[in-house]
Amino acid sequence: MNKTTTEKLRYLTSEHETIVVLYISTECERCIALMPIFDELVKEEMFKKILFLEIDSTENHLIRKEIDLTHLPLISIFKKGIIIKNSSVENEEEFRQILQSIV
């Protein structure tokens with residue numbers, strides 16, 4: 001998963017049709033525990049047309065104002081530059097279901 005910033009995300013959403021952004025925090029134990037699982041899922045063949053990005057909400061304070069980050073990790077799905085879904089993720093199965101719904 002590629003790390004990015006809020007500023008770069010604005011540019012990338014105009015360049016890619018489908019983007020999945022995973023918002024995490026280095027202070028979030030669940031985020032840290034799920035990162036290896038997320039990293040493996042995004043490598044699967046069925047998701048190869050999706051650009052996956054990671055934003056650390058601890059380092060990107062602007063994002064807290066733009067998106068409700070009350071539950072981490074949080075996933076945002078962008079289609080043609082527009083957020084079509086925001087969802088907190090508790091486990092691998094939830095993440096997989098969200099991804100399968102957009103391919």
# chains A, B, ... in the order shown; residues from 1 in each chain; ligands from 1
$ select_by_dssp --residues "stretch 23-62 of chain A" --states "helix (DSSP H, G or I)" --output "PyMOL selection string"
chain A and resi 29-41+45-47+61-62
$ write_last_selection --atoms "N, CA and C atoms" --output "mmCIF file, in the first residue's frame"
data_model
loop_
_atom_site.group_PDB
_atom_site.id
_atom_site.type_symbol
_atom_site.label_atom_id
_atom_site.label_comp_id
_atom_site.auth_asym_id
_atom_site.auth_seq_id
_atom_site.Cartn_x
_atom_site.Cartn_y
_atom_site.Cartn_z
ATOM 1 N N GLU A 29 -3.929 0.575 17.903
ATOM 2 C CA GLU A 29 -3.480 -0.814 17.969
ATOM 3 C C GLU A 29 -4.171 -1.685 16.921
ATOM 4 N N ARG A 30 -5.450 -1.454 16.696
ATOM 5 C CA ARG A 30 -6.180 -2.233 15.691
ATOM 6 C C ARG A 30 -5.606 -1.967 14.299
ATOM 7 N N CYS A 31 -5.265 -0.711 14.016
ATOM 8 C CA CYS A 31 -4.664 -0.369 12.715
ATOM 9 C C CYS A 31 -3.361 -1.135 12.513
ATOM 10 N N ILE A 32 -2.537 -1.122 13.514
ATOM 11 C CA ILE A 32 -1.240 -1.794 13.434
ATOM 12 C C ILE A 32 -1.422 -3.297 13.251
ATOM 13 N N ALA A 33 -2.374 -3.868 13.960
ATOM 14 C CA ALA A 33 -2.629 -5.306 13.855
ATOM 15 C C ALA A 33 -3.168 -5.700 12.482
ATOM 16 N N LEU A 34 -3.971 -4.832 11.866
ATOM 17 C CA LEU A 34 -4.593 -5.157 10.580
ATOM 18 C C LEU A 34 -3.728 -4.817 9.365
ATOM 19 N N MET A 35 -2.698 -4.018 9.528
ATOM 20 C CA MET A 35 -1.887 -3.592 8.382
ATOM 21 C C MET A 35 -1.314 -4.758 7.571
ATOM 22 N N PRO A 36 -0.740 -5.782 8.179
ATOM 23 C CA PRO A 36 -0.226 -6.897 7.363
ATOM 24 C C PRO A 36 -1.326 -7.586 6.550
ATOM 25 N N ILE A 37 -2.511 -7.676 7.101
ATOM 26 C CA ILE A 37 -3.644 -8.285 6.392
ATOM 27 C C ILE A 37 -4.030 -7.413 5.203
ATOM 28 N N PHE A 38 -4.144 -6.108 5.415
ATOM 29 C CA PHE A 38 -4.475 -5.186 4.330
ATOM 30 C C PHE A 38 -3.417 -5.258 3.227
ATOM 31 N N ASP A 39 -2.160 -5.279 3.622
ATOM 32 C CA ASP A 39 -1.074 -5.319 2.644
ATOM 33 C C ASP A 39 -1.160 -6.555 1.752
ATOM 34 N N GLU A 40 -1.563 -7.670 2.301
ATOM 35 C CA GLU A 40 -1.703 -8.895 1.505
ATOM 36 C C GLU A 40 -2.938 -8.846 0.605
ATOM 37 N N LEU A 41 -4.037 -8.346 1.111
ATOM 38 C CA LEU A 41 -5.261 -8.291 0.309
ATOM 39 C C LEU A 41 -5.102 -7.428 -0.936
ATOM 40 N N GLU A 45 -4.935 -10.395 -7.336
ATOM 41 C CA GLU A 45 -5.142 -10.118 -8.758
ATOM 42 C C GLU A 45 -6.447 -9.371 -9.034
ATOM 43 N N MET A 46 -7.512 -9.743 -8.349
ATOM 44 C CA MET A 46 -8.816 -9.131 -8.636
ATOM 45 C C MET A 46 -8.872 -7.640 -8.301
ATOM 46 N N PHE A 47 -7.918 -7.159 -7.522
ATOM 47 C CA PHE A 47 -7.915 -5.755 -7.115
ATOM 48 C C PHE A 47 -6.833 -4.939 -7.827
ATOM 49 N N HIS A 61 -3.182 16.262 9.712
ATOM 50 C CA HIS A 61 -4.243 16.857 10.530
ATOM 51 C C HIS A 61 -5.402 17.402 9.703
ATOM 52 N N LEU A 62 -5.133 17.831 8.494
ATOM 53 C CA LEU A 62 -6.174 18.387 7.640
ATOM 54 C C LEU A 62 -7.275 17.368 7.371
#
$ select_by_dssp --residues "chain A" --states "strand (DSSP E or B)" --output "PyMOL selection string"
chain A and resi 2-3+18-24+51-56+74-79+82-88
$ write_last_selection --atoms "C-alpha atoms" --output "mmCIF file, in the first residue's frame"
data_model
loop_
_atom_site.group_PDB
_atom_site.id
_atom_site.type_symbol
_atom_site.label_atom_id
_atom_site.label_comp_id
_atom_site.auth_asym_id
_atom_site.auth_seq_id
_atom_site.Cartn_x
_atom_site.Cartn_y
_atom_site.Cartn_z
ATOM 1 C CA ASN A 2 1.373 3.421 -0.945
ATOM 2 C CA LYS A 3 1.602 6.079 1.725
ATOM 3 C CA THR A 18 -10.934 3.911 -8.451
ATOM 4 C CA ILE A 19 -8.968 4.643 -5.305
ATOM 5 C CA VAL A 20 -9.220 3.039 -1.890
ATOM 6 C CA VAL A 21 -7.733 5.072 0.938
ATOM 7 C CA LEU A 22 -6.998 3.470 4.267
ATOM 8 C CA TYR A 23 -6.802 5.983 7.106
ATOM 9 C CA ILE A 24 -4.768 4.723 10.027
ATOM 10 C CA LEU A 51 -5.045 2.289 -6.512
ATOM 11 C CA PHE A 52 -4.563 1.665 -2.793
ATOM 12 C CA LEU A 53 -3.294 4.456 -0.585
ATOM 13 C CA GLU A 54 -2.595 4.837 3.100
ATOM 14 C CA ILE A 55 -2.870 8.084 5.032
ATOM 15 C CA ASP A 56 -1.622 8.359 8.589
ATOM 16 C CA LEU A 74 -11.348 3.897 8.095
ATOM 17 C CA ILE A 75 -11.630 3.216 4.379
ATOM 18 C CA SER A 76 -12.748 5.745 1.785
ATOM 19 C CA ILE A 77 -13.551 4.670 -1.738
ATOM 20 C CA PHE A 78 -13.226 7.227 -4.513
ATOM 21 C CA LYS A 79 -14.744 6.702 -7.960
ATOM 22 C CA ILE A 82 -15.897 11.426 -5.667
ATOM 23 C CA ILE A 83 -16.141 9.610 -2.346
ATOM 24 C CA ILE A 84 -18.744 6.893 -2.750
ATOM 25 C CA LYS A 85 -18.192 5.141 0.569
ATOM 26 C CA ASN A 86 -16.639 5.672 3.996
ATOM 27 C CA SER A 87 -16.509 2.676 6.270
ATOM 28 C CA SER A 88 -14.657 1.641 9.388
#
$ residues_around --residues "A:Arg96" --least-positions-apart "4" --cutoff "10 Å" --atoms "only C-alpha atoms" --output "list of chain:residue names"
A:Phe38, A:Leu41, A:Val42, A:Val89, A:Asn91, A:Glu92, A:Gln100, A:Ser101
$ write_last_selection --atoms "C-alpha atoms" --output "PDB file, in the first residue's frame"
ATOM      1  CA  PHE A  38      -4.475  -5.186   4.330  1.00  0.00           C
ATOM      2  CA  LEU A  41      -5.261  -8.291   0.309  1.00  0.00           C
ATOM      3  CA  VAL A  42      -4.335  -5.388  -1.934  1.00  0.00           C
ATOM      4  CA  VAL A  89     -13.079  -1.801   9.157  1.00  0.00           C
ATOM      5  CA  ASN A  91     -11.277  -7.317  10.225  1.00  0.00           C
ATOM      6  CA  GLU A  92     -10.093  -8.937   7.012  1.00  0.00           C
ATOM      7  CA  GLN A 100     -15.335  -7.005  -3.750  1.00  0.00           C
ATOM      8  CA  SER A 101     -18.281  -4.624  -3.889  1.00  0.00           C
TER       9      SER A 101
END
$ atom_distance --atom1 "atom CA of A:Glu59" --atom2 "atom CA of A:Lys43"
25.3 Å
$ atom_distance --atom1 "atom CA of A:Arg10" --atom2 "atom CA of A:Glu90"
26.4 Å
$ atom_distance --atom1 "atom CA of A:Lys49" --atom2 "atom CA of A:Ser25"
25.8 Å
$ residues_around --residues "A:Glu15" --least-positions-apart "2" --cutoff "9 Å" --atoms "only C-alpha atoms" --output "MDAnalysis selection string"
chainID A and resid 11:13 17 80:81
$ closest_residue --among "A:Leu9, A:Ile98, A:Leu72, A:Val103" --to "A:Ser57" --atoms "only C-alpha atoms"
A:Leu72
